[in-house]
$ cat upload.txt   # compact mmCIF, C-alpha atoms
# COMPACT_ATOMS: atom_id res chain seq x y z
CA MET P 235 146.26 61.60 76.38
CA ASP P 236 145.82 57.88 75.81
CA TRP P 237 146.91 55.12 78.14
CA ILE P 238 149.88 53.10 76.85
CA THR P 239 150.23 49.48 77.98
CA GLN P 240 153.74 48.80 79.28
CA ASP P 241 155.66 45.52 79.08
CA ILE P 242 156.49 43.80 82.36
CA ALA P 243 159.59 41.62 82.49
CA LEU P 244 158.89 38.31 84.25
CA PRO P 245 161.34 35.66 85.41
CA SER P 246 162.01 33.18 82.58
CA GLN P 247 160.15 30.33 84.28
CA GLU P 248 157.01 32.49 84.43
CA LEU P 249 156.93 33.43 80.73
CA ASN P 250 154.85 30.44 79.62
CA ILE P 251 151.88 31.03 81.93
CA PRO P 252 148.74 31.13 79.76
CA SER P 253 147.09 34.52 79.59
CA LEU P 254 143.39 35.32 79.73
CA VAL P 255 141.99 37.00 76.66
CA LYS P 256 141.87 40.73 77.31
CA SER P 257 138.84 42.73 76.29
CA SER P 258 139.18 44.89 73.22
CA LEU P 259 136.99 47.48 74.94
CA GLY P 260 139.77 48.44 77.36
CA PHE P 261 139.67 49.42 81.02
CA ASP P 262 137.81 52.68 80.56
CA VAL P 263 134.60 51.16 79.16
CA SER P 264 131.64 51.61 81.46
CA ALA P 265 128.73 49.33 82.14
CA ALA P 266 126.50 51.99 80.60
CA GLU P 267 128.39 51.78 77.30
CA ILE P 268 128.10 47.99 77.24
CA HIS P 269 124.36 48.21 77.98
CA ASP P 270 123.92 50.80 75.22
CA GLN P 271 125.36 48.30 72.75
CA PHE P 272 122.97 45.65 74.05
CA LEU P 273 119.93 47.94 73.91
CA THR P 274 120.44 48.99 70.31
CA ASN P 275 119.32 45.49 69.24
CA LEU P 276 116.07 45.43 71.28
CA PRO P 277 112.92 45.76 69.14
CA HIS P 278 110.63 47.74 71.45
CA SER P 279 111.42 51.31 72.48
CA GLU P 280 109.34 50.99 75.68
CA ILE P 281 111.54 48.12 76.86
CA ILE P 282 114.60 50.21 76.09
CA VAL P 283 113.31 53.21 78.07
CA ASN P 284 112.32 51.07 81.09
CA HIS P 285 115.64 49.25 81.02
CA GLN P 286 117.59 52.52 80.82
CA ASN P 287 115.68 53.90 83.83
CA VAL P 288 116.54 50.84 85.93
CA ILE P 289 120.17 50.91 84.84
CA SER P 290 120.61 54.64 85.54
CA ASP P 291 119.22 54.17 89.08
CA VAL P 292 121.72 51.38 89.72
CA LEU P 293 124.71 52.88 87.91
CA THR P 294 124.87 56.23 89.68
CA PRO P 295 126.29 54.88 92.98
CA ILE P 296 128.44 52.33 91.13
CA GLU P 297 129.99 54.94 88.84
CA SER P 298 130.81 57.24 91.77
CA ALA P 299 132.48 54.32 93.60
CA LYS P 300 134.49 53.47 90.46
CA LEU P 301 135.64 57.07 90.10
CA GLN P 302 136.83 57.05 93.69
CA ILE P 303 138.83 53.85 93.05
CA ARG P 304 140.28 55.28 89.84
CA GLU P 305 141.42 58.49 91.48
CA ILE P 306 145.11 59.11 91.29
CA MET P 307 146.65 58.30 94.65
CA PRO P 308 149.59 60.18 96.10
CA LEU P 309 152.72 58.04 95.70
CA ASP P 310 153.35 57.83 99.46
CA GLU P 311 149.82 56.47 99.96
CA MET P 312 150.40 53.86 97.25
CA LEU P 313 153.68 52.85 98.90
CA ARG P 314 151.93 52.45 102.28
CA GLU P 315 149.08 50.40 100.83
CA PHE P 316 151.42 47.94 99.09
CA ASN P 317 154.26 47.94 101.62
CA GLY P 318 156.43 49.54 98.95
CA ASN P 319 159.51 51.69 98.90
CA GLN P 320 161.15 54.27 96.69
CA ASP P 321 164.74 55.31 96.16
CA GLU P 322 166.66 57.14 93.43
CA ILE P 323 166.65 53.98 91.26
CA GLY P 324 162.96 53.17 91.33
CA ILE P 325 159.76 52.18 93.08
CA ARG P 326 158.94 48.71 94.38
CA LEU P 327 155.51 47.42 95.44
CA GLU P 328 154.64 44.12 97.11
CA LEU P 329 152.21 42.59 94.67
CA PRO P 330 152.01 38.83 95.19
CA SER P 331 150.23 37.23 92.28
CA ALA P 332 149.42 33.67 91.26
CA ASN P 333 149.43 34.88 87.63
CA PRO P 334 151.94 37.71 87.29
CA SER P 335 151.49 37.64 83.51
CA GLU P 336 147.98 39.01 84.13
CA ILE P 337 149.26 42.18 85.82
CA VAL P 338 148.68 45.15 83.53
CA VAL P 339 150.51 48.47 83.82
CA LYS P 340 149.47 51.45 81.72
CA THR P 341 150.96 54.92 81.66
CA MET P 342 150.08 58.33 80.31
CA ILE P 343 151.49 61.84 80.55
CA ASP P 344 149.32 64.48 82.21
CA GLU P 345 150.56 68.00 82.88
CA ASN P 346 154.16 66.91 82.13
CA GLN P 347 154.03 64.16 84.75
CA GLN P 348 153.71 60.41 84.15
CA ILE P 349 150.67 58.69 85.64
CA VAL P 350 150.82 54.93 86.25
CA ARG P 351 147.78 52.65 86.38
CA VAL P 352 148.18 49.13 87.79
CA LEU P 353 145.53 46.45 87.30
CA VAL P 354 145.64 43.04 88.94
CA PRO P 355 142.51 41.20 87.71
CA GLU P 356 142.74 38.24 90.10
CA ARG P 357 142.89 40.25 93.31
CA PHE P 358 139.61 41.10 95.07
CA GLY P 359 137.67 41.03 91.82
CA GLY P 360 140.15 43.32 90.12
CA LEU P 361 142.53 45.70 91.83
CA LEU P 362 142.98 49.01 90.08
CA ARG P 363 145.21 51.80 91.40
CA SER P 364 146.73 54.87 89.76
CA PHE P 365 149.53 57.10 91.00
CA ARG P 366 151.80 59.89 89.74
CA MET P 367 155.49 59.30 89.24
CA PRO P 368 157.83 61.76 90.96
CA ILE P 369 158.28 65.03 89.06
CA ASP P 370 160.85 64.76 86.22
CA LYS P 371 160.91 60.94 86.51
CA GLU P 372 159.51 58.35 84.11
CA ILE P 373 159.50 54.57 84.05
CA SER P 374 162.29 52.99 82.03
CA THR P 375 161.64 49.33 82.91
CA ILE P 376 158.99 47.36 84.79
CA SER P 377 159.60 43.91 86.21
CA TRP P 378 157.91 41.43 88.54
CA GLU P 379 159.77 38.84 90.57
CA ASP P 380 158.97 37.02 93.81
CA GLY P 381 155.92 39.16 94.54
CA ILE P 382 157.63 42.52 93.92
CA LEU P 383 156.56 44.82 91.09
CA SER P 384 159.50 47.13 90.31
CA PHE P 385 159.44 50.36 88.33
CA LEU P 386 162.95 51.49 87.38
CA MET P 387 163.09 55.23 86.70
CA ASP P 388 164.95 57.45 84.22
$ encode --input "upload.txt" --output "C-alpha cells"
Amino acid sequence: MDWITQDIALPSQELNIPSLVKSSLGFDVSAAEIHDQFLTNLPHSEIIVNHQNVISDVLTPIESAKLQIREIMPLDEMLREFNGNQDEIGIRLELPSANPSEIVVKTMIDENQQIVRVLVPERFGGLLRSFRMPIDKEISTISWEDGILSFLMD
C-alpha cells in the first residue's frame, strides 16, 4: 500500500509558477530517520549515544503529535474544516493558496477504500490532512481554481 502522487489540473495562467524542489525522502520520513543518517558519519560512539538520548526525549511528544495530525479524518469533518461540500459529482474544499502548484495530493487504497492525503506546504508550516473517500467512490480528476480544490469522483 504505497501512496501515489496525483496530478492536479491548474488554470492555464498558473501552470508556469516555479515549483520548489521536493524531497526525495517523501512525506513519511521521520526526523529520527534523518538523524540516523547524520549520526552514521560521526566518529565517536559516545557522542552518538548521547545525541540519540537527547533526540529520543524530544521526539516522543513530536511523533505523537504528528501521528494525531496524520490520522485519517472523517470526510464530514474535513468538509467542515475547509468549508467544503460534497455531491454525487465530487468533493470541493476551500484551499486558497498563493502557490497552487505546490499543493500535493496522494492517494492509496486501504481495505477497498481510497484514502486521500492533501499537503499544502505554505500553510501554517505545512498543512497535512488525510480522509477516506466515500465507499465505492474513487477520484477521477483533481483540479484547483480560484481557491477551490475539487475532486471529481468515479
$ closest_residue --input "upload.txt" --among "P:Asp270, P:Trp237, P:Glu322, P:Met387" --to "Val283 of chain P" --atoms "all atoms listed in the file"
P:Asp270
$ atom_distance --input "upload.txt" --atom1 "atom CA of Pro368 of chain P" --atom2 "atom CA of Ser331 of chain P"
25.7 Å
$ residues_around --input "upload.txt" --residues "segment 373-380 of chain P" --least-positions-apart "5" --cutoff "6 Å" --atoms "only C-alpha atoms" --output "PyMOL selection string"
chain P and resi 242-244+385-388
$ residues_around --input "upload.txt" --residues "Asn317 of chain P" --least-positions-apart "5" --cutoff "12 Å" --atoms "only C-alpha atoms" --output "list in words"
Leu309, Asp310, Glu311, Met312, Ile325, Arg326, Leu327, Glu328, Leu329, Pro330, Gly381, Ile382 and Leu383 of chain P
$ write_last_selection --input "upload.txt" --atoms "C-alpha atoms" --output "CSV table (one decimal), in the frame of the given file"
chain,number,residue,atom,x,y,z
P,309,LEU,CA,152.7,58.0,95.7
P,310,ASP,CA,153.4,57.8,99.5
P,311,GLU,CA,149.8,56.5,100.0
P,312,MET,CA,150.4,53.9,97.2
P,325,ILE,CA,159.8,52.2,93.1
P,326,ARG,CA,158.9,48.7,94.4
P,327,LEU,CA,155.5,47.4,95.4
P,328,GLU,CA,154.6,44.1,97.1
P,329,LEU,CA,152.2,42.6,94.7
P,330,PRO,CA,152.0,38.8,95.2
P,381,GLY,CA,155.9,39.2,94.5
P,382,ILE,CA,157.6,42.5,93.9
P,383,LEU,CA,156.6,44.8,91.1
$ atom_distance --input "upload.txt" --atom1 "atom CA of Asp370 of chain P" --atom2 "atom CA of Met342 of chain P"
13.9 Å
$ atom_distance --input "upload.txt" --atom1 "atom CA of Glu305 of chain P" --atom2 "atom CA of Ser364 of chain P"
6.7 Å
$ closest_residue --input "upload.txt" --among "P:Thr239, P:Leu313, P:Met307, P:Ala332" --to "Arg366 of chain P" --atoms "only C-alpha atoms"
P:Met307
$ residues_around --input "upload.txt" --residues "Gln348 of chain P" --least-positions-apart "2" --cutoff "8 Å" --atoms "all atoms listed in the file" --output "list in words"
Thr341, Met342, Ile343, Asp344, Asn346, Val350, Arg366, Met367, Lys371 and Glu372 of chain P
$ write_last_selection --input "upload.txt" --atoms "C-alpha atoms" --output "compact mmCIF listing (two decimals), in the coordinates of the input"
# COMPACT_ATOMS: atom_id res chain seq x y z
CA THR P 341 150.96 54.92 81.66
CA MET P 342 150.08 58.33 80.31
CA ILE P 343 151.49 61.84 80.55
CA ASP P 344 149.32 64.48 82.21
CA ASN P 346 154.16 66.91 82.13
CA VAL P 350 150.82 54.93 86.25
CA ARG P 366 151.80 59.89 89.74
CA MET P 367 155.49 59.30 89.24
CA LYS P 371 160.91 60.94 86.51
CA GLU P 372 159.51 58.35 84.11
$ closest_residue --input "upload.txt" --among "P:Glu315, P:Glu267, P:Asp241, P:Glu336" --to "Pro355 of chain P" --atoms "only C-alpha atoms"
P:Glu336
$ closest_residue --input "upload.txt" --among "P:Glu345, P:Ser264, P:Ile306, P:Ile337" --to "Arg363 of chain P" --atoms "all atoms listed in the file"
P:Ile306
